[in-house]
Each structure stands twice: as C-alpha cells, then as structure tokens.
Amino acid sequence: MLRMEHIHLAFQEVLIEDGTLEVQPGCLTVIKGASGKGKSSLLYMAGLLIDEGSRIYCFDGHTVGHQDSEMASFRQQYIGYVFQDNSLISHLSLYDNLKLYADMVDRPFTLEEATHLLSAFRLARDPQSSVTTLSGGEKQRLAIACAMVKKPRLLILDEPTSALDRKNRELLLSILKELAKSGMMILIASHDPYVFEAGDVIYEIEDQKLIQTRSIEPSQPSPKALHYRKHPLKLAFFIRYYWTYLKKNWGLQVMMLVLCGITMAILVSLSDISETFLASQQQSLDQIANREIVVASRDLNGQGYYDANLPFLDDGMMDAVARLDHVQSVYPFFESDCEEVTVGDKTLVYELVIQPYAPDRQIDSQCHITSNEPGHLYLSGRASEMLGITQLSDKTLSLSCTLPDGTAFTLQDKPISGILQGSLQNMYTSATAVVYVPVDWLPEMAPQSLLIYADHFQNIKALGETLEKMDPEWSVFTHYLRDESMMGLQYAFSSVAPFMTLILGIITVILVALLYVRYITQRKKEICLLKVNGLSRWDTVRLILTELVLQTVVILLASLLALVIIHLGVQTLMGYPMHMNYPAKLVQIGPLIFVIMLVPSLLALLVFQRMDVALVLRE
C-alpha cells in the first residue's frame, strides 16, 4: 500500500494543504478535480517525480525520504508510469521501447517475450515496427505494456483516456481492471466520467483539500513489508542505450560525428601536409633551380665568373668550403682551349673549349637531344653546329688540350651523351662553343674557381653570405635566385597553414555546437522519460560521460579513416612520400576531441539536470 500524509503542494498558490492519500492494491484509485487544481502534480508527487512541498511517503512499509538517489531507485524498481501522450520514445521500435524498460531493471528481454506481451495487451503488431505507426489507443496500451515490463507494484496513469474513442477507452479500462485484480496498485488522474465510473476509490481536490469521495474495502491482502535495496544501473545499460540511440538517429548524428572526425584529422594533419607540400615544392624547385654558387678570387666586372688568368686558390680551400653548412658538394672549375677536337672525319683546331660539369648540374635535363647513355660528353648548341652534329647515334669525340696548371689532357673516342638547348647560354665565360666533360674524368689540380652546390635552393643566399665572410677577397656569384620570389612560393603554404588551422578549429567547434543544440532540443522528453523510470542525477552524469566517450571513439575511428585517405591523397597529388605516425596522431586527436566536446557535454548535462520533468511532460 502507498500512504502519503501531511501533503502540502503549492506552486504559485497553495493547491493541497495537509492532504492524505492511500492507494490500495487490487483497486483503481482515481484523482479528480478541475484543471489547474493539482491533479497531475499530486500524481507526480505520488510517483516521486517532484519534491516540491512536503509529505510523508510510506510505500509498503518503507518510508521514502527526499534523497534523489532513493527516489530514483524507487521509480526504477517499483513504479510504472503512463502519461497522456509522452510515455514512448518515438525513434525506437516497439521492441526497443519495451527492452529499454527491461534494461532499466537489468532484466533480459527477448523478441519472443515482446511478441507475447504485445499480444496480451491486444497489440497484434510486429515488435520491430515503428511507434509512429500506432494509433492513439495502441500507443496507450503499448505504454502500459512498457511499464509492466518492470513488474511494478504501483502503476500511475495521467489522463490515459483523454485522446481515446469509446472502444479504446473501454479496452484500456478493462486492461487496468485486470491488472488491479492481479494485486497491483493503480493510481489515475483524470477528468473522464468513464474513468470515475470504473474507479474503486476516488479522491477529489477541492478548496485546497484532498477529499475521498468513494471508497471500498480492499479486496487484496496487504503485501508484505518491502525489503528495499538499491539497484544501480550498470555501465552496460548506458552503452546499450547510446548504441540504440545512434542506430536510430544515424543520419544527422553519425554524419556530424564523421564530419567532426574528418575536420579533426585535417586539423592535426596540416603540419604534415605543409611539410610534405614544402618538401615536394623543394624537391621540384631544387630540380629546376640553379643551386650553383661560383667563388673566384676577384670580380670580372660582369664578363663572366672565370678567366684563365685568375690566380689559384689556396690549398685546403675546397675542404674548408665543403665543411660549411648547406654545402652539398664542391668542385674545381676552369675553362681550357681545345687544341684539337675530332668527331668522325671533322677536326677543329683551337675553336672549342672544355668545361667540367658535375653530376649536381643535371645537365641531361638541359639538352634538346640526348642519347641512351647519359654521363659522358655534352656539347653546347654552337659546338654541335660547328662539328655538324644533328643526331647522336654512334657519335664519338676525341680531343686534346692543356689544363690551366700545364697538365696535358686527352680523350679518345668518347660517346656524346647530349646536345644542350640552343637558347642555353654559357653561365661562366663568354665562350659559346663548349665541350662539357665529367669532372671526375679530369685530374686533380689546384682550383682557380670553385663551383659549389647548395643542398637546397632556399639556402643559396645564406651560404653566399657565409662564403663572402669567409674571405673578404673572394667574389661570390650566383646565376639567378638572388630574387626571393621563388622562396616566397615555397613558404606560401606554410604561412597560410596557421590560418587554415584556425578556420578548421572554428568549423569543428561550430559542428560540435550544432550537434549538441540538436542533441539537447530533441532529447529533453527522452531524458525525462529515463528519469521517470529511475535515472538519478548521478545516472544522468554517467549517461552523458558514457556518450561523450563513445562519441569520442566514433570520431576517432572517422579520424583514422580520414588520416589514411589524407595520407594516400596527398602522396598521390604531390607525388612525394608523406610520413604520418598514426598512433601519435590518434594520441593528439583523442584528448583534443574530448576537450572540444566536453564543454557542450557539460552544457547538455546542466540542461538535463535542471529540467523540470513534470513541466516537460505536460508540454
């Protein structure tokens, strides 16, 4: 038996003063009264949904205090609710609604049981069908079936027949009569005369008094005293519940989570994308840019970088330069007149010069004709004209000359690997007819000039300044790239990267905000129904934290997939390997997602904790 004494119920005005209410097992107890006089509020007080006012509350011999956890535990285990139009969660199927109530009391519930229970409540429906397919009467019967899954001792109904026609009203009341006969306590708030007629005990609210206007002797013996114990919800309930919610709301919910994951992946990958872009651009520009620096002992006033009369540089100078930062390689440079050059049956005397070329020059890319054997001799466009060479098949060249240090040098029948483009000018001297010889074919000798290759084009300027400081007597030349515009191209992306990071961060926050605005507005009723059925304040915290962790996991999975796609996409588009440490990225993303989503989660929690369950259910 439920007995409430010294009931004081007031909101803007006093509704009930010092009232007493008894609900006996085996009978229908009905509360009647004019609208706004406190019927629903008294019902919610009897169901431990509100704690305004005061009362002494005794349930089967156990006195229930005002502690939230105790009231929630009683709602969970012993009280079932059926509201006028708010007892079902519309995005769940019939079976999922029933199973939710079973999960609240940690009771296994199969599809077969659901089918049997629906049949008992005159619902010949597929358990997997949607709640939205039911009529008003069917929804009310399903709501009672959901409440009965918990096997409550007390069933509370608020205006259960208000939207029903006569046939459904009579069917519902007959079901309630049968439940009462089974020994259940049933409490109804109504203004329906048919309910008054069916009621065994009737209370009426009038002039702030709770008056019993009809009573009968209990047909059921009083139950044994209640051995109350708490039945806390397990973590599995929260995980199952969120998974069910996610499945039924996969459209926007999953889309938003995936978009958050993709945004987070791009956010933490920007540095890698930037580095890969810079490395790719650096590689491309290193290939097309001239990274040469020429060092000579004096300036030739714009007449080239080399002259046969230049003095030799000091011994050890090449080694000293090679040890400098940003130096990739150092070679001696000179030019010598060819005493004789022979190709086939044509011989030229003192009309051509030789110059060494280094592998770093990538001379093959400067040719308009090449053979299948790179790395041998190359001719300038003017030299090929003078020798009458228009194709390279089976062409060999012989030459003899004297090097700047007086050493005789000869080559005999060496293959010609290519002919340079006609528009390509000699960068070092005024000579136009040049035979380019691999530097490693030449004997070692003291250099007159040094040909230095920087490791990357953007380091040419800094390396040139270092060389000028190394010896004030030196003249340092670069062919081009004194202009920093090409360096600006390389750093354009890196300068934009922080701005892109900020924009993506803002987008992520907006996505999360949109997600939770929809989350909060759509789930008020749902959370209220969970509270009605035993969700305490602490359980609400656990629910939000569980969902936060699970949402973080979903976003992490989406981020991982996005990282893989970004990795492969960037490599394909840029043609340059992108190095990505997936575990490290996930370690970055996880806490970042958690922090970003924590604020709206706390906001949702605050809203859910402060919700007036009774007010929401009346809406």
# chains A, B, ... in the order shown; residues from 1 in each chain; ligands from 1
$ select_by_dssp --residues "segment 65-226 of chain A" --states "strand (DSSP E)" --output "compact mmCIF listing (two decimals) with N, CA, C and O atoms, in the first residue's frame"
# COMPACT_ATOMS: atom_id res chain seq x y z
N ILE A 79 7.77 1.51 -9.52
CA ILE A 79 6.71 2.39 -10.04
C ILE A 79 6.76 2.39 -11.57
O ILE A 79 7.81 2.57 -12.17
N GLY A 80 5.58 2.22 -12.16
CA GLY A 80 5.42 2.32 -13.60
C GLY A 80 4.57 3.53 -13.95
O GLY A 80 3.66 3.90 -13.19
N TYR A 81 4.85 4.17 -15.09
CA TYR A 81 4.16 5.41 -15.46
C TYR A 81 3.57 5.29 -16.86
O TYR A 81 4.19 4.72 -17.76
N VAL A 82 2.39 5.87 -17.01
CA VAL A 82 1.78 6.03 -18.33
C VAL A 82 1.24 7.46 -18.38
O VAL A 82 0.35 7.82 -17.61
N LEU A 154 3.33 -0.32 -8.29
CA LEU A 154 2.41 0.80 -8.44
C LEU A 154 2.45 1.26 -9.89
O LEU A 154 3.52 1.52 -10.44
N LEU A 155 1.26 1.39 -10.50
CA LEU A 155 1.14 1.91 -11.86
C LEU A 155 0.40 3.23 -11.80
O LEU A 155 -0.71 3.32 -11.26
N ILE A 156 1.02 4.27 -12.34
CA ILE A 156 0.46 5.62 -12.30
C ILE A 156 0.13 6.04 -13.73
O ILE A 156 0.96 5.92 -14.64
N LEU A 157 -1.07 6.57 -13.92
CA LEU A 157 -1.52 6.98 -15.24
C LEU A 157 -2.09 8.40 -15.18
O LEU A 157 -2.90 8.71 -14.31
N ASP A 158 -1.64 9.24 -16.09
CA ASP A 158 -2.08 10.64 -16.13
C ASP A 158 -2.95 10.84 -17.38
O ASP A 158 -2.46 10.75 -18.51
N MET A 185 -1.20 -1.90 -7.40
CA MET A 185 -1.75 -0.60 -7.03
C MET A 185 -1.82 0.25 -8.29
O MET A 185 -0.83 0.38 -9.01
N ILE A 186 -2.99 0.86 -8.56
CA ILE A 186 -3.16 1.67 -9.76
C ILE A 186 -3.74 3.02 -9.35
O ILE A 186 -4.77 3.10 -8.68
N LEU A 187 -3.03 4.08 -9.76
CA LEU A 187 -3.43 5.44 -9.42
C LEU A 187 -3.60 6.22 -10.73
O LEU A 187 -2.68 6.27 -11.55
N ILE A 188 -4.79 6.84 -10.91
CA ILE A 188 -5.11 7.53 -12.15
C ILE A 188 -5.55 8.97 -11.84
O ILE A 188 -6.34 9.20 -10.91
N ALA A 189 -5.02 9.92 -12.62
CA ALA A 189 -5.54 11.29 -12.58
C ALA A 189 -6.34 11.48 -13.86
O ALA A 189 -5.85 11.21 -14.96
N VAL A 201 -11.81 3.68 -5.84
CA VAL A 201 -11.59 4.71 -4.83
C VAL A 201 -11.39 6.02 -5.58
O VAL A 201 -10.61 6.09 -6.53
N ILE A 202 -12.09 7.08 -5.11
CA ILE A 202 -11.96 8.37 -5.79
C ILE A 202 -11.62 9.45 -4.78
O ILE A 202 -12.22 9.54 -3.70
N TYR A 203 -10.59 10.23 -5.16
CA TYR A 203 -10.22 11.41 -4.38
C TYR A 203 -10.51 12.64 -5.25
O TYR A 203 -10.26 12.63 -6.46
N GLU A 204 -10.99 13.69 -4.60
CA GLU A 204 -11.27 14.92 -5.33
C GLU A 204 -10.54 16.08 -4.65
O GLU A 204 -10.51 16.18 -3.43
N ILE A 205 -9.94 16.92 -5.50
CA ILE A 205 -9.25 18.12 -4.99
C ILE A 205 -10.23 19.28 -5.08
O ILE A 205 -10.71 19.63 -6.17
N GLU A 206 -10.51 19.86 -3.95
CA GLU A 206 -11.45 20.97 -3.91
C GLU A 206 -11.12 21.87 -2.73
O GLU A 206 -10.94 21.40 -1.61
N LYS A 209 -8.26 21.06 -0.54
CA LYS A 209 -8.40 19.85 0.26
C LYS A 209 -8.42 18.63 -0.65
O LYS A 209 -8.88 18.71 -1.80
N LEU A 210 -7.92 17.53 -0.12
CA LEU A 210 -7.96 16.25 -0.82
C LEU A 210 -9.00 15.40 -0.12
O LEU A 210 -8.79 14.91 1.00
N ILE A 211 -10.15 15.24 -0.81
CA ILE A 211 -11.31 14.61 -0.16
C ILE A 211 -11.57 13.25 -0.82
O ILE A 211 -11.65 13.16 -2.05
N GLN A 212 -11.72 12.24 -0.01
CA GLN A 212 -12.07 10.91 -0.54
C GLN A 212 -13.58 10.87 -0.69
O GLN A 212 -14.32 10.92 0.30
N THR A 213 -14.04 10.72 -1.93
CA THR A 213 -15.48 10.72 -2.19
C THR A 213 -16.03 9.33 -2.46
O THR A 213 -17.25 9.15 -2.55
N ARG A 214 -15.17 8.34 -2.65
CA ARG A 214 -15.63 6.96 -2.83
C ARG A 214 -14.55 6.05 -2.25
O ARG A 214 -13.36 6.30 -2.44
$ residues_around --residues "segment 386-396 of chain A" --least-positions-apart "3" --cutoff "10 Å" --atoms "only C-alpha atoms" --output "PyMOL selection string"
chain A and resi 341-348+351-352+369-372+377+379+381-383+412-419+433
$ closest_atom_pairs --of "segment 192-243 of chain A" --to "segment 527-551 of chain A" --cutoff "9 Å" --atoms "only C-alpha atoms" --output "CSV"
residue,atom,partner,partner_atom,distance
A:Pro232,CA,A:Asp539,CA,8.6
A:Leu233,CA,A:Asp539,CA,7.5
A:Leu235,CA,A:Thr546,CA,8.1
A:Phe238,CA,A:Leu543,CA,5.7
A:Ile239,CA,A:Thr546,CA,6.8
A:Tyr241,CA,A:Leu543,CA,8.9
A:Tyr242,CA,A:Glu547,CA,6.4
A:Trp243,CA,A:Leu550,CA,8.9
$ write_last_selection --atoms "all heavy atoms" --output "PDB file, in the first residue's frame"
ATOM      1  N   PRO A 232      21.561  -0.163  -8.624  1.00  0.00           N
ATOM      2  CA  PRO A 232      22.202   0.823  -9.508  1.00  0.00           C
ATOM      3  C   PRO A 232      22.283   0.333 -10.954  1.00  0.00           C
ATOM      4  O   PRO A 232      22.444  -0.861 -11.219  1.00  0.00           O
ATOM      5  CB  PRO A 232      23.608   0.994  -8.906  1.00  0.00           C
ATOM      6  CG  PRO A 232      23.845  -0.264  -8.148  1.00  0.00           C
ATOM      7  CD  PRO A 232      22.518  -0.716  -7.635  1.00  0.00           C
ATOM      8  N   LEU A 233      22.176   1.283 -11.875  1.00  0.00           N
ATOM      9  CA  LEU A 233      22.300   0.955 -13.295  1.00  0.00           C
ATOM     10  C   LEU A 233      23.755   0.628 -13.618  1.00  0.00           C
ATOM     11  O   LEU A 233      24.686   1.289 -13.143  1.00  0.00           O
ATOM     12  CB  LEU A 233      21.831   2.133 -14.145  1.00  0.00           C
ATOM     13  CG  LEU A 233      20.338   2.449 -14.085  1.00  0.00           C
ATOM     14  CD1 LEU A 233      20.046   3.762 -14.802  1.00  0.00           C
ATOM     15  CD2 LEU A 233      19.522   1.324 -14.688  1.00  0.00           C
ATOM     16  N   LEU A 235      27.068  -0.058 -16.255  1.00  0.00           N
ATOM     17  CA  LEU A 235      27.646   0.632 -17.415  1.00  0.00           C
ATOM     18  C   LEU A 235      27.089   0.079 -18.719  1.00  0.00           C
ATOM     19  O   LEU A 235      26.891   0.814 -19.691  1.00  0.00           O
ATOM     20  CB  LEU A 235      29.176   0.501 -17.390  1.00  0.00           C
ATOM     21  CG  LEU A 235      29.935   1.129 -18.565  1.00  0.00           C
ATOM     22  CD1 LEU A 235      29.691   2.641 -18.622  1.00  0.00           C
ATOM     23  CD2 LEU A 235      31.427   0.832 -18.459  1.00  0.00           C
ATOM     24  N   PHE A 238      24.106   1.986 -20.153  1.00  0.00           N
ATOM     25  CA  PHE A 238      24.388   3.250 -20.837  1.00  0.00           C
ATOM     26  C   PHE A 238      24.983   3.006 -22.224  1.00  0.00           C
ATOM     27  O   PHE A 238      24.656   3.711 -23.182  1.00  0.00           O
ATOM     28  CB  PHE A 238      25.326   4.105 -19.989  1.00  0.00           C
ATOM     29  CG  PHE A 238      24.762   4.458 -18.642  1.00  0.00           C
ATOM     30  CD1 PHE A 238      25.212   3.814 -17.498  1.00  0.00           C
ATOM     31  CD2 PHE A 238      23.761   5.404 -18.514  1.00  0.00           C
ATOM     32  CE1 PHE A 238      24.680   4.122 -16.253  1.00  0.00           C
ATOM     33  CE2 PHE A 238      23.219   5.717 -17.283  1.00  0.00           C
ATOM     34  CZ  PHE A 238      23.680   5.072 -16.152  1.00  0.00           C
ATOM     35  N   ILE A 239      25.864   2.003 -22.319  1.00  0.00           N
ATOM     36  CA  ILE A 239      26.463   1.692 -23.622  1.00  0.00           C
ATOM     37  C   ILE A 239      25.395   1.180 -24.582  1.00  0.00           C
ATOM     38  O   ILE A 239      25.322   1.616 -25.736  1.00  0.00           O
ATOM     39  CB  ILE A 239      27.593   0.651 -23.472  1.00  0.00           C
ATOM     40  CG1 ILE A 239      28.745   1.256 -22.651  1.00  0.00           C
ATOM     41  CG2 ILE A 239      28.094   0.174 -24.831  1.00  0.00           C
ATOM     42  CD1 ILE A 239      29.848   0.265 -22.325  1.00  0.00           C
ATOM     43  N   TYR A 241      22.201   1.667 -24.429  1.00  0.00           N
ATOM     44  CA  TYR A 241      21.236   2.724 -24.727  1.00  0.00           C
ATOM     45  C   TYR A 241      21.781   3.668 -25.794  1.00  0.00           C
ATOM     46  O   TYR A 241      21.074   4.026 -26.747  1.00  0.00           O
ATOM     47  CB  TYR A 241      20.885   3.516 -23.468  1.00  0.00           C
ATOM     48  CG  TYR A 241      19.904   4.618 -23.759  1.00  0.00           C
ATOM     49  CD1 TYR A 241      18.558   4.321 -23.967  1.00  0.00           C
ATOM     50  CD2 TYR A 241      20.322   5.929 -23.890  1.00  0.00           C
ATOM     51  CE1 TYR A 241      17.654   5.326 -24.286  1.00  0.00           C
ATOM     52  CE2 TYR A 241      19.425   6.933 -24.210  1.00  0.00           C
ATOM     53  CZ  TYR A 241      18.094   6.627 -24.407  1.00  0.00           C
ATOM     54  OH  TYR A 241      17.217   7.608 -24.730  1.00  0.00           O
ATOM     55  N   TYR A 242      23.032   4.091 -25.650  1.00  0.00           N
ATOM     56  CA  TYR A 242      23.585   5.020 -26.646  1.00  0.00           C
ATOM     57  C   TYR A 242      23.713   4.339 -28.008  1.00  0.00           C
ATOM     58  O   TYR A 242      23.478   4.969 -29.046  1.00  0.00           O
ATOM     59  CB  TYR A 242      24.951   5.547 -26.209  1.00  0.00           C
ATOM     60  CG  TYR A 242      25.519   6.517 -27.233  1.00  0.00           C
ATOM     61  CD1 TYR A 242      24.898   7.744 -27.459  1.00  0.00           C
ATOM     62  CD2 TYR A 242      26.639   6.190 -27.989  1.00  0.00           C
ATOM     63  CE1 TYR A 242      25.383   8.628 -28.405  1.00  0.00           C
ATOM     64  CE2 TYR A 242      27.124   7.074 -28.937  1.00  0.00           C
ATOM     65  CZ  TYR A 242      26.497   8.283 -29.140  1.00  0.00           C
ATOM     66  OH  TYR A 242      26.969   9.151 -30.090  1.00  0.00           O
ATOM     67  N   TRP A 243      24.070   3.067 -28.018  1.00  0.00           N
ATOM     68  CA  TRP A 243      24.172   2.352 -29.290  1.00  0.00           C
ATOM     69  C   TRP A 243      22.810   2.302 -29.973  1.00  0.00           C
ATOM     70  O   TRP A 243      22.709   2.498 -31.190  1.00  0.00           O
ATOM     71  CB  TRP A 243      24.722   0.953 -29.059  1.00  0.00           C
ATOM     72  CG  TRP A 243      24.775   0.113 -30.309  1.00  0.00           C
ATOM     73  CD1 TRP A 243      24.085  -1.017 -30.567  1.00  0.00           C
ATOM     74  CD2 TRP A 243      25.569   0.375 -31.471  1.00  0.00           C
ATOM     75  NE1 TRP A 243      24.387  -1.491 -31.825  1.00  0.00           N
ATOM     76  CE2 TRP A 243      25.294  -0.652 -32.402  1.00  0.00           C
ATOM     77  CE3 TRP A 243      26.471   1.382 -31.813  1.00  0.00           C
ATOM     78  CZ2 TRP A 243      25.907  -0.703 -33.655  1.00  0.00           C
ATOM     79  CZ3 TRP A 243      27.076   1.330 -33.068  1.00  0.00           C
ATOM     80  CH2 TRP A 243      26.797   0.303 -33.966  1.00  0.00           C
TER      81      TRP A 243
END
$ residues_around --residues "Gly575 of chain A" --least-positions-apart "6" --cutoff "10 Å" --atoms "only C-alpha atoms" --output "ChimeraX atom specification"
/A:276-277,280,569
$ residues_around --residues "Lys585 of chain A" --least-positions-apart "5" --cutoff "8 Å" --atoms "only C-alpha atoms" --output "tab-separated table (two decimals) with N, CA, C and O atoms, in the first residue's frame"
chain	number	residue	atom	x	y	z
A	268	VAL	N	44.90	18.09	-37.42
A	268	VAL	CA	46.18	17.60	-36.90
A	268	VAL	C	47.14	17.19	-38.01
A	268	VAL	O	48.32	16.96	-37.76
A	269	SER	N	46.62	17.10	-39.26
A	269	SER	CA	47.49	16.71	-40.38
A	269	SER	C	48.05	17.91	-41.11
A	269	SER	O	48.88	17.74	-42.02
A	580	MET	N	53.51	9.78	-41.91
A	580	MET	CA	52.49	10.05	-40.90
A	580	MET	C	52.53	8.97	-39.82
A	580	MET	O	52.45	7.79	-40.13
$ atom_distance --atom1 "atom CA of Val613 of chain A" --atom2 "atom CA of Ala147 of chain A"
17.5 Å
$ select_by_dssp --residues "segment 322-566 of chain A" --states "helix (DSSP H, G or I)" --output "PyMOL selection string"
chain A and resi 322+359-361+363-366+381-386+439-441+457-470+485-532+537-566
$ residues_around --residues "segment 53-68 of chain A" --least-positions-apart "3" --cutoff "8 Å" --atoms "only C-alpha atoms" --output "ChimeraX atom specification"
/A:1-10,71-72,223-228,536-537
$ residues_around --residues "Thr263 of chain A" --least-positions-apart "5" --cutoff "12 Å" --atoms "only C-alpha atoms" --output "JSON, numbers by chain"
{"A": [256, 257, 258, 268, 269, 270, 500, 501, 502, 503, 504, 505, 506, 507, 508, 509, 510, 511, 512, 555, 556, 558, 559, 560, 561, 562, 563, 566, 589, 592, 593]}
$ write_last_selection --atoms "N, CA, C and O atoms" --output "compact mmCIF listing (two decimals), in the first residue's frame"
# COMPACT_ATOMS: atom_id res chain seq x y z
N MET A 256 27.36 14.14 -38.42
CA MET A 256 28.05 15.19 -37.69
C MET A 256 29.31 14.65 -37.02
O MET A 256 30.36 15.30 -37.02
N LEU A 257 29.21 13.45 -36.44
CA LEU A 257 30.39 12.86 -35.80
C LEU A 257 31.48 12.59 -36.82
O LEU A 257 32.67 12.85 -36.57
N VAL A 258 31.09 12.08 -37.99
CA VAL A 258 32.08 11.80 -39.04
C VAL A 258 32.71 13.10 -39.54
O VAL A 258 33.93 13.18 -39.75
N VAL A 268 44.90 18.09 -37.42
CA VAL A 268 46.18 17.60 -36.90
C VAL A 268 47.14 17.19 -38.01
O VAL A 268 48.32 16.96 -37.76
N SER A 269 46.62 17.10 -39.26
CA SER A 269 47.49 16.71 -40.38
C SER A 269 48.05 17.91 -41.11
O SER A 269 48.88 17.74 -42.02
N LEU A 270 47.58 19.11 -40.76
CA LEU A 270 48.01 20.29 -41.51
C LEU A 270 49.53 20.45 -41.49
O LEU A 270 50.14 20.82 -42.50
N MET A 500 44.59 28.37 -41.75
CA MET A 500 43.73 27.22 -42.06
C MET A 500 43.42 26.43 -40.78
O MET A 500 42.30 25.95 -40.59
N THR A 501 44.41 26.29 -39.92
CA THR A 501 44.20 25.58 -38.65
C THR A 501 43.14 26.29 -37.81
O THR A 501 42.26 25.64 -37.23
N LEU A 502 43.22 27.63 -37.77
CA LEU A 502 42.24 28.40 -37.00
C LEU A 502 40.84 28.22 -37.59
O LEU A 502 39.88 27.98 -36.84
N ILE A 503 40.73 28.31 -38.92
CA ILE A 503 39.43 28.16 -39.57
C ILE A 503 38.85 26.78 -39.30
O ILE A 503 37.66 26.63 -38.96
N LEU A 504 39.68 25.74 -39.44
CA LEU A 504 39.19 24.37 -39.21
C LEU A 504 38.81 24.17 -37.74
O LEU A 504 37.87 23.44 -37.44
N GLY A 505 39.57 24.80 -36.86
CA GLY A 505 39.21 24.71 -35.44
C GLY A 505 37.85 25.33 -35.17
O GLY A 505 37.03 24.77 -34.43
N ILE A 506 37.59 26.48 -35.79
CA ILE A 506 36.29 27.15 -35.62
C ILE A 506 35.18 26.27 -36.21
O ILE A 506 34.11 26.13 -35.61
N ILE A 507 35.44 25.69 -37.39
CA ILE A 507 34.44 24.81 -38.02
C ILE A 507 34.12 23.63 -37.10
O ILE A 507 32.96 23.24 -36.95
N THR A 508 35.17 23.05 -36.49
CA THR A 508 34.96 21.92 -35.59
C THR A 508 34.07 22.31 -34.42
O THR A 508 33.14 21.59 -34.06
N VAL A 509 34.36 23.46 -33.82
CA VAL A 509 33.56 23.92 -32.68
C VAL A 509 32.11 24.16 -33.10
O VAL A 509 31.17 23.81 -32.38
N ILE A 510 31.92 24.75 -34.30
CA ILE A 510 30.56 25.00 -34.79
C ILE A 510 29.82 23.69 -35.02
O ILE A 510 28.64 23.55 -34.67
N LEU A 511 30.52 22.70 -35.61
CA LEU A 511 29.89 21.40 -35.84
C LEU A 511 29.46 20.76 -34.52
O LEU A 511 28.34 20.24 -34.41
N VAL A 512 30.34 20.82 -33.54
CA VAL A 512 30.00 20.24 -32.24
C VAL A 512 28.84 20.99 -31.61
O VAL A 512 27.92 20.40 -31.03
N ILE A 555 34.36 9.43 -33.37
CA ILE A 555 35.11 10.49 -34.07
C ILE A 555 36.55 10.02 -34.33
O ILE A 555 37.12 10.30 -35.38
N LEU A 556 37.12 9.30 -33.36
CA LEU A 556 38.49 8.78 -33.55
C LEU A 556 38.54 7.82 -34.73
O LEU A 556 39.48 7.88 -35.54
N ALA A 558 36.49 7.75 -37.30
CA ALA A 558 36.34 8.56 -38.51
C ALA A 558 37.63 9.31 -38.82
O ALA A 558 38.03 9.44 -39.98
N SER A 559 38.31 9.78 -37.77
CA SER A 559 39.58 10.50 -37.95
C SER A 559 40.65 9.57 -38.52
O SER A 559 41.42 9.97 -39.40
N LEU A 560 40.68 8.34 -38.01
CA LEU A 560 41.67 7.38 -38.51
C LEU A 560 41.46 7.11 -39.99
O LEU A 560 42.43 7.11 -40.78
N LEU A 561 40.21 6.88 -40.39
CA LEU A 561 39.91 6.66 -41.80
C LEU A 561 40.29 7.89 -42.62
O LEU A 561 40.89 7.77 -43.70
N ALA A 562 39.96 9.07 -42.10
CA ALA A 562 40.29 10.31 -42.82
C ALA A 562 41.80 10.49 -42.92
O ALA A 562 42.31 10.96 -43.96
N LEU A 563 42.53 10.12 -41.87
CA LEU A 563 44.00 10.23 -41.92
C LEU A 563 44.58 9.35 -43.02
O LEU A 563 45.51 9.78 -43.74
N ILE A 566 43.74 11.01 -46.32
CA ILE A 566 44.59 12.20 -46.49
C ILE A 566 46.01 11.78 -46.87
O ILE A 566 46.62 12.35 -47.79
N ILE A 589 44.63 13.50 -31.36
CA ILE A 589 43.22 13.76 -31.65
C ILE A 589 42.32 13.43 -30.47
O ILE A 589 41.39 14.17 -30.15
N LEU A 592 42.10 16.02 -27.75
CA LEU A 592 41.58 17.24 -28.35
C LEU A 592 40.07 17.13 -28.57
O LEU A 592 39.31 18.06 -28.25
N ILE A 593 39.62 15.98 -29.09
CA ILE A 593 38.19 15.77 -29.28
C ILE A 593 37.47 15.81 -27.93
O ILE A 593 36.42 16.44 -27.79
$ atom_distance --atom1 "atom CA of Leu142 of chain A" --atom2 "atom CA of Ala124 of chain A"
11.0 Å
$ closest_residue --among "A:Arg361, A:Glu339, A:Thr132, A:Glu444" --to "Ser398 of chain A" --atoms "only C-alpha atoms"
A:Glu339
$ atom_distance --atom1 "atom CA of Met317 of chain A" --atom2 "atom CA of Pro359 of chain A"
20.9 Å
$ residues_around --residues "Ala296 of chain A" --least-positions-apart "6" --cutoff "10 Å" --atoms "only C-alpha atoms" --output "PyMOL selection string"
chain A and resi 305-307+310-313+333+447-451+473-477
$ closest_atom_pairs --of "segment 28-100 of chain A" --to "segment 111-115 of chain A" --cutoff "12 Å" --atoms "only C-alpha atoms" --output "tab-separated table"
residue	atom	partner	partner_atom	distance
A:Ser93	CA	A:Ala114	CA	11.3
A:Leu94	CA	A:Ala114	CA	8.4
A:Tyr95	CA	A:Ala114	CA	6.2
A:Asp96	CA	A:Ala114	CA	9.5
A:Asn97	CA	A:Ala114	CA	10.0
A:Leu98	CA	A:Ala114	CA	7.1
A:Lys99	CA	A:Ala114	CA	8.2
A:Leu100	CA	A:Ala114	CA	11.7
$ closest_residue --among "A:Tyr331, A:Arg240, A:Cys27, A:Glu292" --to "Met184 of chain A" --atoms "only C-alpha atoms"
A:Cys27
$ closest_residue --among "A:Leu411, A:Leu515, A:Leu586, A:Ala198" --to "Met255 of chain A" --atoms "only C-alpha atoms"
A:Leu515
